[in-house]
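A.B. asks: Following this line is coords-v7.cif, made up of mmCIF, C-alpha atoms:
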data_structure
loop_
_atom_site.group_PDB
_atom_site.id
_atom_site.type_symbol
_atom_site.label_atom_id
_atom_site.label_comp_id
_atom_site.auth_asym_id
_atom_site.auth_seq_id
_atom_site.Cartn_x
_atom_site.Cartn_y
_atom_site.Cartn_z
ATOM 1 C CA MET C 1297 -30.184 -3.621 -32.268
ATOM 2 C CA TYR C 1298 -30.243 -6.745 -30.106
ATOM 3 C CA GLY C 1299 -33.548 -7.729 -31.715
ATOM 4 C CA TRP C 1300 -31.895 -7.507 -35.106
ATOM 5 C CA LEU C 1301 -28.963 -9.593 -33.871
ATOM 6 C CA TRP C 1302 -31.313 -12.200 -32.416
ATOM 7 C CA ARG C 1303 -33.252 -12.481 -35.694
ATOM 8 C CA HIS C 1304 -30.042 -13.008 -37.635
ATOM 9 C CA LEU C 1305 -28.613 -15.716 -35.393
ATOM 10 C CA PRO C 1306 -29.040 -19.158 -36.976
ATOM 11 C CA GLY C 1307 -30.680 -22.238 -35.547
ATOM 12 C CA PRO C 1308 -33.352 -22.924 -32.904
ATOM 13 C CA THR C 1309 -33.711 -20.931 -29.684
ATOM 14 C CA VAL C 1310 -31.309 -23.140 -27.691
ATOM 15 C CA VAL C 1311 -28.532 -22.644 -30.234
ATOM 16 C CA ARG C 1312 -29.181 -18.900 -30.365
ATOM 17 C CA VAL C 1313 -28.952 -18.659 -26.574
ATOM 18 C CA LEU C 1314 -25.645 -20.544 -26.636
ATOM 19 C CA ILE C 1315 -24.206 -18.342 -29.392
ATOM 20 C CA SER C 1316 -25.334 -15.226 -27.496
ATOM 21 C CA ALA C 1317 -23.621 -16.471 -24.329
ATOM 22 C CA VAL C 1318 -20.382 -17.065 -26.245
ATOM 23 C CA LEU C 1319 -20.595 -13.570 -27.769
ATOM 24 C CA VAL C 1320 -21.144 -11.979 -24.332
ATOM 25 C CA ALA C 1321 -18.207 -13.934 -22.904
ATOM 26 C CA ALA C 1322 -15.998 -12.804 -25.783
ATOM 27 C CA VAL C 1323 -16.952 -9.169 -25.187
ATOM 28 C CA VAL C 1324 -16.163 -9.504 -21.437
ATOM 29 C CA VAL C 1325 -12.770 -11.090 -22.150
ATOM 30 C CA ALA C 1326 -11.943 -8.391 -24.699
ATOM 31 C CA CYS C 1327 -12.891 -5.665 -22.208
ATOM 32 C CA PHE C 1328 -10.821 -7.233 -19.385
ATOM 33 C CA THR C 1329 -7.829 -7.771 -21.645
ATOM 34 C CA TRP C 1330 -7.680 -4.598 -23.716
ATOM 35 C CA LEU C 1331 -10.401 -2.000 -23.130
ATOM 36 C CA TYR C 1332 -10.293 -1.613 -19.319
ATOM 37 C CA PRO C 1333 -6.485 -1.640 -18.945
ATOM 38 C CA ALA C 1334 -6.350 1.008 -21.681
ATOM 39 C CA ILE C 1335 -8.773 3.411 -19.994
ATOM 40 C CA ALA C 1336 -7.724 2.779 -16.366
ATOM 41 C CA PRO C 1337 -4.754 5.230 -16.445
ATOM 42 C CA HIS C 1338 -7.173 8.036 -17.332
ATOM 43 C CA MET C 1339 -9.406 7.448 -14.310
ATOM 44 C CA PRO C 1340 -9.167 10.024 -11.516
ATOM 45 C CA PHE C 1341 -8.094 7.648 -8.736
ATOM 46 C CA ASN C 1342 -5.274 5.237 -7.960
ATOM 47 C CA GLN C 1343 -2.633 7.975 -7.758
ATOM 48 C CA THR C 1344 -0.329 6.974 -4.930
ATOM 49 C CA THR C 1345 2.804 9.061 -5.439
ATOM 50 C CA VAL C 1346 3.709 12.591 -4.483
ATOM 51 C CA GLY C 1347 4.993 14.819 -7.258
ATOM 52 C CA GLU C 1348 3.966 17.367 -9.832
ATOM 53 C CA MET W 959 -52.272 7.855 -43.785
ATOM 54 C CA THR W 960 -49.155 5.733 -44.238
ATOM 55 C CA THR W 961 -46.604 8.552 -43.830
ATOM 56 C CA PRO W 962 -47.202 9.379 -40.096
ATOM 57 C CA ARG W 963 -47.245 5.666 -39.227
ATOM 58 C CA ARG W 964 -43.908 5.127 -40.978
ATOM 59 C CA THR W 965 -42.439 8.217 -39.272
ATOM 60 C CA SER W 966 -43.476 6.992 -35.821
ATOM 61 C CA HIS W 967 -42.039 3.546 -36.627
ATOM 62 C CA VAL W 968 -38.657 5.140 -37.429
ATOM 63 C CA VAL W 969 -38.767 7.307 -34.289
ATOM 64 C CA TYR W 970 -39.515 4.289 -32.051
ATOM 65 C CA GLY W 971 -36.763 2.356 -33.788
ATOM 66 C CA VAL W 972 -34.176 5.093 -33.155
ATOM 67 C CA VAL W 973 -35.275 5.544 -29.528
ATOM 68 C CA GLY W 974 -35.063 1.793 -29.027
ATOM 69 C CA VAL W 975 -31.518 1.607 -30.381
ATOM 70 C CA ILE W 976 -30.426 4.577 -28.205
ATOM 71 C CA GLY W 977 -31.975 2.858 -25.187
ATOM 72 C CA GLU W 978 -30.134 -0.361 -25.922
ATOM 73 C CA LEU W 979 -26.867 1.544 -26.378
ATOM 74 C CA LEU W 980 -27.329 3.249 -22.994
ATOM 75 C CA ILE W 981 -28.057 -0.071 -21.294
ATOM 76 C CA THR W 982 -24.952 -1.516 -22.963
ATOM 77 C CA LEU W 983 -22.872 1.434 -21.761
ATOM 78 C CA GLY W 984 -24.154 0.894 -18.204
ATOM 79 C CA LEU W 985 -23.198 -2.781 -18.342
ATOM 80 C CA LEU W 986 -19.734 -1.894 -19.675
ATOM 81 C CA LEU W 987 -19.209 0.584 -16.823
ATOM 82 C CA PHE W 988 -20.286 -2.063 -14.317
ATOM 83 C CA GLY W 989 -17.806 -4.401 -15.975
ATOM 84 C CA PHE W 990 -15.081 -1.796 -15.541
ATOM 85 C CA LEU W 991 -15.794 -1.624 -11.795
ATOM 86 C CA VAL W 992 -15.624 -5.403 -11.530
ATOM 87 C CA TRP W 993 -12.319 -5.381 -13.403
ATOM 88 C CA GLN W 994 -10.796 -2.501 -11.453
ATOM 89 C CA LEU W 995 -11.978 -3.424 -7.963
ATOM 90 C CA TRP W 996 -11.665 -7.192 -8.180
ATOM 91 C CA TRP W 997 -9.774 -8.535 -11.149
ATOM 92 C CA THR W 998 -6.710 -6.257 -10.815
ATOM 93 C CA ASP W 999 -6.348 -7.531 -7.214
ATOM 94 C CA VAL W 1000 -6.615 -11.169 -8.302
ATOM 95 C CA GLN W 1001 -4.059 -10.658 -11.062
ATOM 96 C CA GLY W 1002 -1.795 -8.444 -8.960
ATOM 97 C CA ASN W 1003 -1.682 -10.772 -5.949
ATOM 98 C CA ARG W 1004 -0.857 -13.698 -8.213
ATOM 99 C CA ALA W 1005 1.875 -11.765 -10.043
ATOM 100 C CA GLN W 1006 3.445 -10.287 -6.897
ATOM 101 C CA ALA W 1007 3.495 -13.653 -5.107
ATOM 102 C CA GLU W 1008 5.281 -15.073 -8.152
ATOM 103 C CA ILE W 1009 7.823 -12.205 -8.111
ATOM 104 C CA VAL W 1010 8.575 -12.816 -4.403
ATOM 105 C CA ARG W 1011 8.935 -16.553 -5.070
ATOM 106 C CA GLU W 1012 11.422 -15.948 -7.873
ATOM 107 C CA ILE W 1013 13.669 -13.491 -6.017
ATOM 108 C CA GLN W 1014 17.247 -14.755 -5.694
ATOM 109 C CA ARG W 1015 18.204 -14.536 -2.021
ATOM 110 C CA GLU W 1016 19.627 -16.340 0.952
ATOM 111 C CA THR W 1017 17.460 -18.433 3.246
ATOM 112 C CA PRO W 1018 17.590 -17.361 6.903
ATOM 113 C CA PRO W 1019 18.957 -20.107 9.175
ATOM 114 C CA VAL W 1020 16.685 -22.197 11.355
ATOM 115 C CA ALA W 1021 17.386 -23.541 14.816
ATOM 116 C CA THR W 1022 16.413 -27.040 15.835
ATOM 117 C CA PRO W 1023 16.177 -27.118 19.641
ATOM 118 C CA SER W 1024 16.107 -30.930 19.752
ATOM 119 C CA PRO W 1025 16.202 -33.578 16.995
ATOM 120 C CA SER W 1026 12.478 -34.262 17.301
ATOM 121 C CA ALA W 1027 11.354 -30.641 17.444
ATOM 122 C CA THR W 1028 10.169 -28.762 14.368
ATOM 123 C CA PRO W 1029 12.762 -26.224 13.213
ATOM 124 C CA VAL W 1030 12.053 -22.664 14.288
ATOM 125 C CA PRO W 1031 13.565 -19.534 12.741
ATOM 126 C CA LYS W 1032 16.762 -18.378 14.431
ATOM 127 C CA ILE W 1033 16.281 -14.855 15.814
ATOM 128 C CA ALA W 1034 18.634 -12.347 14.243
ATOM 129 C CA GLU W 1035 20.839 -10.311 16.558
ATOM 130 C CA PRO W 1036 19.889 -6.613 16.095
ATOM 131 C CA ARG W 1037 22.807 -4.479 14.915
ATOM 132 C CA HIS W 1038 22.952 -0.736 15.427
ATOM 133 C CA ASP W 1039 26.241 0.086 13.705
ATOM 134 C CA ASP W 1040 26.313 1.602 10.189
ATOM 135 C CA PRO W 1041 24.407 -0.805 7.910
ATOM 136 C CA PRO W 1042 25.599 -1.824 4.433
ATOM 137 C CA VAL W 1043 23.793 0.030 1.641
ATOM 138 C CA MET W 1044 22.906 -1.242 -1.806
ATOM 139 C CA GLU W 1045 23.518 0.602 -5.100
ATOM 140 C CA GLN W 1046 20.470 2.107 -6.867
ATOM 141 C CA PRO W 1047 19.255 -0.717 -9.137
ATOM 142 C CA ALA W 1048 18.047 -0.345 -12.729
ATOM 143 C CA HIS W 1049 14.470 0.800 -13.383
ATOM 144 C CA ALA W 1050 11.781 -1.816 -12.592
ATOM 145 C CA THR W 1051 14.305 -4.134 -10.923
ATOM 146 C CA THR W 1052 12.892 -5.882 -7.858
ATOM 147 C CA PHE W 1053 15.575 -5.466 -5.198
ATOM 148 C CA ALA W 1054 13.784 -6.051 -1.887
ATOM 149 C CA THR W 1055 10.567 -7.136 -0.189
ATOM 150 C CA MET W 1056 8.637 -5.719 2.740
ATOM 151 C CA GLN W 1057 6.608 -7.322 5.482
ATOM 152 C CA VAL W 1058 4.418 -5.587 8.038
ATOM 153 C CA PRO W 1059 3.595 -7.675 11.129
ATOM 154 C CA ARG W 1060 0.663 -5.355 11.963
ATOM 155 C CA TRP W 1061 -0.969 -6.354 8.666
ATOM 156 C CA ASP W 1062 -1.510 -9.930 9.771
ATOM 157 C CA GLY W 1063 -2.471 -12.075 6.774
ATOM 158 C CA GLU W 1064 -0.986 -9.732 4.174
ATOM 159 C CA PRO W 1065 1.643 -11.386 1.979
ATOM 160 C CA GLU W 1066 5.260 -10.300 1.606
ATOM 161 C CA ARG W 1067 5.372 -7.605 -1.097
ATOM 162 C CA PRO W 1068 8.104 -6.979 -3.666
ATOM 163 C CA ILE W 1069 9.778 -3.549 -3.840
ATOM 164 C CA SER W 1070 11.020 -2.460 -7.268
ATOM 165 C CA GLN W 1071 12.863 0.580 -8.578
ATOM 166 C CA GLY W 1072 10.709 3.447 -9.921
ATOM 167 C CA THR W 1073 7.233 4.775 -9.221
ATOM 168 C CA ASP W 1074 5.501 5.028 -12.573
ATOM 169 C CA ARG W 1075 2.291 3.077 -12.763
ATOM 170 C CA ALA W 1076 2.589 1.262 -16.067
ATOM 171 C CA THR W 1077 5.949 -0.430 -15.432
ATOM 172 C CA VAL W 1078 6.141 -0.612 -11.616
ATOM 173 C CA LEU W 1079 3.151 0.200 -9.382
ATOM 174 C CA ASP W 1080 0.435 -1.528 -11.425
ATOM 175 C CA VAL W 1081 2.461 -4.635 -12.150
ATOM 176 C CA LEU W 1082 5.254 -5.076 -9.563
ATOM 177 C CA GLY W 1083 3.659 -3.902 -6.309
ATOM 178 C CA VAL W 1084 5.607 -1.415 -4.210
ATOM 179 C CA GLY W 1085 7.831 1.137 -5.990
ATOM 180 C CA HIS W 1086 10.942 2.953 -4.755
ATOM 181 C CA TYR W 1087 11.202 6.664 -5.641
ATOM 182 C CA ASP W 1088 14.151 7.168 -7.989
ATOM 183 C CA GLY W 1089 17.045 8.953 -6.326
ATOM 184 C CA THR W 1090 15.826 8.600 -2.741
ATOM 185 C CA ALA W 1091 18.007 6.673 -0.276
ATOM 186 C CA MET W 1092 18.355 2.899 -0.514
ATOM 187 C CA PRO W 1093 17.364 0.750 2.498
ATOM 188 C CA GLY W 1094 19.464 1.498 5.565
ATOM 189 C CA ASP W 1095 21.104 4.615 4.144
ATOM 190 C CA VAL W 1096 21.156 8.027 5.801
ATOM 191 C CA GLY W 1097 18.314 9.969 4.166
ATOM 192 C CA ASN W 1098 14.849 8.847 3.188
ATOM 193 C CA PHE W 1099 14.076 5.461 1.660
ATOM 194 C CA ALA W 1100 10.772 6.457 0.002
ATOM 195 C CA VAL W 1101 8.295 3.967 -1.461
ATOM 196 C CA ALA W 1102 4.821 4.186 -2.996
ATOM 197 C CA GLY W 1103 2.101 1.553 -3.292
ATOM 198 C CA HIS W 1104 -1.563 1.226 -4.227
ATOM 199 C CA ARG W 1105 -4.050 1.424 -1.380
ATOM 200 C CA THR W 1106 -6.904 0.129 -3.548
ATOM 201 C CA THR W 1107 -6.760 -2.029 -6.698
ATOM 202 C CA TYR W 1108 -3.737 -3.751 -8.323
ATOM 203 C CA ALA W 1109 -3.346 -6.047 -5.283
ATOM 204 C CA LYS W 1110 -3.458 -2.976 -2.977
ATOM 205 C CA PRO W 1111 -0.173 -3.581 -1.090
ATOM 206 C CA PHE W 1112 -0.753 -0.518 1.139
ATOM 207 C CA ASN W 1113 -4.479 -1.147 1.681
ATOM 208 C CA ARG W 1114 -4.169 -1.304 5.482
ATOM 209 C CA VAL W 1115 -1.825 1.663 5.844
ATOM 210 C CA ALA W 1116 -4.205 3.473 8.210
ATOM 211 C CA GLU W 1117 -3.838 0.645 10.759
ATOM 212 C CA LEU W 1118 -0.174 1.488 11.372
ATOM 213 C CA LYS W 1119 0.592 2.929 14.791
ATOM 214 C CA LYS W 1120 3.674 4.609 16.190
ATOM 215 C CA GLY W 1121 6.336 1.995 16.909
ATOM 216 C CA ASP W 1122 4.983 -0.618 14.449
ATOM 217 C CA ALA W 1123 7.659 -2.457 12.504
ATOM 218 C CA VAL W 1124 8.086 -2.551 8.744
ATOM 219 C CA VAL W 1125 10.698 -5.135 7.787
ATOM 220 C CA VAL W 1126 12.580 -4.661 4.523
ATOM 221 C CA ARG W 1127 14.640 -7.565 3.205
ATOM 222 C CA THR W 1128 16.990 -7.007 0.297
ATOM 223 C CA ALA W 1129 17.571 -9.607 -2.396
ATOM 224 C CA THR W 1130 20.888 -11.032 -3.530
ATOM 225 C CA LEU W 1131 21.143 -9.088 -6.844
ATOM 226 C CA ASP W 1132 24.893 -8.516 -7.395
ATOM 227 C CA GLY W 1133 25.823 -9.873 -3.961
ATOM 228 C CA GLY W 1134 27.520 -6.588 -3.094
ATOM 229 C CA PRO W 1135 27.042 -4.441 0.025
ATOM 230 C CA GLY W 1136 23.486 -4.251 1.286
ATOM 231 C CA THR W 1137 22.284 -7.458 -0.322
ATOM 232 C CA ASP W 1138 20.592 -10.146 1.795
ATOM 233 C CA THR W 1139 20.076 -7.788 4.696
ATOM 234 C CA TRP W 1140 17.118 -7.134 7.008
ATOM 235 C CA TYR W 1141 16.317 -3.493 7.749
ATOM 236 C CA VAL W 1142 13.747 -3.082 10.518
ATOM 237 C CA TYR W 1143 12.059 0.325 10.448
ATOM 238 C CA LYS W 1144 9.653 1.592 13.104
ATOM 239 C CA VAL W 1145 6.766 3.990 12.462
ATOM 240 C CA VAL W 1146 7.491 7.503 13.739
ATOM 241 C CA SER W 1147 4.504 9.450 12.430
ATOM 242 C CA THR W 1148 1.723 9.505 9.856
ATOM 243 C CA GLU W 1149 0.277 12.477 8.010
ATOM 244 C CA ILE W 1150 -2.137 13.381 5.229
ATOM 245 C CA VAL W 1151 -0.801 15.824 2.644
ATOM 246 C CA ALA W 1152 -1.586 17.310 -0.763
ATOM 247 C CA PRO W 1153 -0.403 15.306 -3.797
ATOM 248 C CA THR W 1154 2.060 18.101 -4.630
ATOM 249 C CA ASP W 1155 3.837 17.929 -1.254
ATOM 250 C CA VAL W 1156 7.126 16.379 -2.403
ATOM 251 C CA ALA W 1157 8.846 17.472 0.828
ATOM 252 C CA VAL W 1158 7.558 14.306 2.525
ATOM 253 C CA ILE W 1159 10.063 12.238 0.532
ATOM 254 C CA ALA W 1160 12.951 14.701 1.022
ATOM 255 C CA PRO W 1161 16.100 13.283 2.734
ATOM 256 C CA VAL W 1162 14.847 15.007 5.890
ATOM 257 C CA PRO W 1163 11.053 14.609 5.624
ATOM 258 C CA GLY W 1164 9.383 18.009 5.536
ATOM 259 C CA GLU W 1165 12.660 19.945 5.237
ATOM 260 C CA PRO W 1166 13.796 19.743 1.586
ATOM 261 C CA SER W 1167 17.005 21.731 2.083
ATOM 262 C CA ALA W 1168 18.194 20.155 5.337
ATOM 263 C CA GLN W 1169 21.203 17.809 5.552
ATOM 264 C CA PRO W 1170 20.052 14.307 6.599
ATOM 265 C CA THR W 1171 21.497 12.614 9.673
ATOM 266 C CA LYS W 1172 18.838 9.953 10.295
ATOM 267 C CA ARG W 1173 18.031 6.765 8.418
ATOM 268 C CA MET W 1174 14.377 7.342 7.486
ATOM 269 C CA MET W 1175 11.813 5.505 5.389
ATOM 270 C CA THR W 1176 8.591 7.000 3.968
ATOM 271 C CA MET W 1177 5.554 5.217 2.523
ATOM 272 C CA THR W 1178 3.122 7.144 0.296
ATOM 273 C CA THR W 1179 -0.300 6.018 -0.912
ATOM 274 C CA CYS W 1180 -3.627 7.537 -1.903
ATOM 275 C CA HIS W 1181 -6.095 9.112 0.490
ATOM 276 C CA PRO W 1182 -9.046 8.930 0.889
ATOM 277 C CA MET W 1183 -9.425 5.458 -0.585
ATOM 278 C CA PHE W 1184 -10.542 5.497 -4.249
ATOM 279 C CA SER W 1185 -9.562 9.147 -4.537
ATOM 280 C CA ALA W 1186 -6.591 11.110 -5.822
ATOM 281 C CA ARG W 1187 -7.335 14.136 -3.658
ATOM 282 C CA GLN W 1188 -4.680 13.617 -0.969
ATOM 283 C CA ARG W 1189 -1.860 11.290 0.002
ATOM 284 C CA PHE W 1190 -1.465 9.189 3.153
ATOM 285 C CA ILE W 1191 2.118 9.347 4.382
ATOM 286 C CA VAL W 1192 3.917 7.142 6.912
ATOM 287 C CA HIS W 1193 7.363 8.145 8.180
ATOM 288 C CA LEU W 1194 9.598 5.506 9.752
ATOM 289 C CA GLU W 1195 13.089 5.406 11.184
ATOM 290 C CA LEU W 1196 15.594 2.554 11.063
ATOM 291 C CA ASP W 1197 15.575 0.662 14.348
ATOM 292 C CA TYR W 1198 18.213 -1.955 13.551
ATOM 293 C CA TRP W 1199 19.599 -4.097 10.761
ATOM 294 C CA ALA W 1200 20.863 -7.668 10.520
ATOM 295 C CA PRO W 1201 22.344 -9.933 7.843
ATOM 296 C CA VAL W 1202 19.858 -12.533 6.579
ATOM 297 C CA SER W 1203 22.534 -15.180 7.303
ATOM 298 C CA SER W 1204 22.281 -14.349 11.032
ATOM 299 C CA GLY W 1205 18.595 -15.226 11.383
ATOM 300 C CA THR W 1206 15.118 -13.707 11.145
ATOM 301 C CA PRO W 1207 14.035 -10.472 12.881
ATOM 302 C CA ALA W 1208 12.048 -11.189 16.045
ATOM 303 C CA GLU W 1209 9.259 -8.969 14.662
ATOM 304 C CA LEU W 1210 8.496 -11.537 11.964
ATOM 305 C CA VAL W 1211 8.609 -14.694 14.032
ATOM 306 C CA GLY W 1212 5.120 -15.934 14.811
ATOM 307 C CA SER W 1213 3.360 -13.705 12.318
ATOM 308 C CA THR W 1214 1.649 -15.102 9.230
ATOM 309 C CA SER W 1215 3.849 -13.228 6.812
ATOM 310 C CA ALA W 1216 6.964 -14.749 8.369
ATOM 311 C CA LYS W 1217 5.657 -18.264 7.896
ATOM 312 C CA GLU W 1218 5.365 -17.676 4.179
ATOM 313 C CA SER W 1219 8.938 -16.559 3.695
#
Output the file's structure in the form of structure tokens.
C.D. replies:
Amino acid sequence: MYGWLWRHLPGPTVVRVLISAVLVAAVVVACFTWLYPAIAPHMPFNQTTVGE
Amino acid sequence: MTTPRRTSHVVYGVVGVIGELLITLGLLLFGFLVWQLWWTDVQGNRAQAEIVREIQRETPPVATPSPSATPVPKIAEPRHDDPPVMEQPAHATTFATMQVPRWDGEPERPISQGTDRATVLDVLGVGHYDGTAMPGDVGNFAVAGHRTTYAKPFNRVAELKKGDAVVVRTATLDGGPGTDTWYVYKVVSTEIVAPTDVAVIAPVPGEPSAQPTKRMMTMTTCHPMFSARQRFIVHLELDYWAPVSSGTPAELVGSTSAKES
């Protein structure tokens, strides 16, 4: 999977490393912005109120 | 001869992809922990400090002992008569702040109407249970806050001891009764209860059908930390009140949280 991705990235090794770093950063930002806030309410902690 | 070799190549390929997917999943879970345990605090503290900064309210007067001296907060005269009481505000409206001298170094936290996580607790800090008493009123002024994550306003709740002060300061809002008032509550007791135990926020804590005569406050948060198994409860009773225009409660003078206000 990652090997396939690496083979299909253009340019010399330095450029590939830079592109990979940008891709990783984009994934982290996407997770922090959308994925994690979306799944957090379903996690079994952080309940602070009394009620049903 | 070629068929087994091709089969094994496919098998290794599939196993390799599954392995990479599992490693990726592990990294994503680690990322979730970083987000939940660190980033929500960073974001929450920033947002709540901004909310406190933007609250419309009076500035308590300062006293200047001599022209050259640095101004010091004027100490408010404690009042024990019936305090003014605010109307229930609209959902998610920030109507007050709270400061706890025992939690030295903790910032002043906003209190907003409602206790659902998406619109109040995760984004606005401390939440006021709908329908429970407003600050200073006879009954039970009940609030909830996160003990971990989302800026964890009630993180140090277990440090509270009997007699410790929790100072609630209402905002200007409509300028009607109960606005710009200090309400100084003192801790009466703490307990650990089941999440279903709604009696702790009843007008008379623990006695849902009783008629209230005291001016109580109750804080609820999770217990143990990072768990939803139980709730940590702090009951407080109003000690005194004072208009913000008369000065600053003695409890806040000299503490870090007072300097920030």
A.B. asks: Which residues would end up in the selection if the PyMOL selection byres ((chain C) within 7 of (chain W)) were applied here, given that I need the answer as a PyMOL selection string?
C.D. replies: chain C and resi 1297+1328+1332+1340-1348
A.B. asks: If you count all atoms listed in the file, which residues fall within 12 Å of Arg1303 in chain C, apart from same-chain ones fewer than 6 positions away, as a PyMOL selection string?
C.D. replies: chain C and resi 1297+1309+1312-1313+1316
A.B. asks: Counting only C-alpha atoms, which residues have an atom no more than 10 Å from (20.7, 2.3, 12.7) in the file's coordinates? Please list them as a list in words.
C.D. replies: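 Every residue inside that radius is included here: Pro1036, Arg1037, His1038, Asp1039, Asp1040, Pro1041, Gly1094, Asp1095, Val1096, Tyr1141, Val1142, Tyr1143, Lys1172, Arg1173, Met1174, Glu1195, Leu1196, Asp1197, Tyr1198 and Trp1199 of chain W.
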A.B. asks: CA of Asp1132 in chain W and CA of Pro1042 in chain W are how many Å apart?
C.D. replies: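 Interatomic distance here is 13.6 Å.
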A.B. asks: Assuming 8 Å of padding per side, give the centre and edge lengths of the axis-aligned box around every listed atom of range 1316-1323 of chain C, in Å to one decimal and as JSON.
C.D. replies:
{"center_x": -20.7, "center_y": -13.1, "center_z": -25.3, "size_x": 25.3, "size_y": 23.9, "size_z": 20.9}
A.B. asks: Env of Gly1072 in chain W: 10 Å cut, atoms = all atoms listed in the file, seq-sep filter 4 positions within chain, self excluded. Answer as a ChimeraX atom specification.
C.D. replies: /W:1047-1052,1077-1079,1084-1089,1101-1102
A.B. asks: Between W:Phe1053, W:Val1146, W:Leu985, W:Glu1016, single out the one closest to Val1324 in chain C, counting only C-alpha atoms.
C.D. replies: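 Selected residue with least distance to Val1324 in chain C: W:Leu985.
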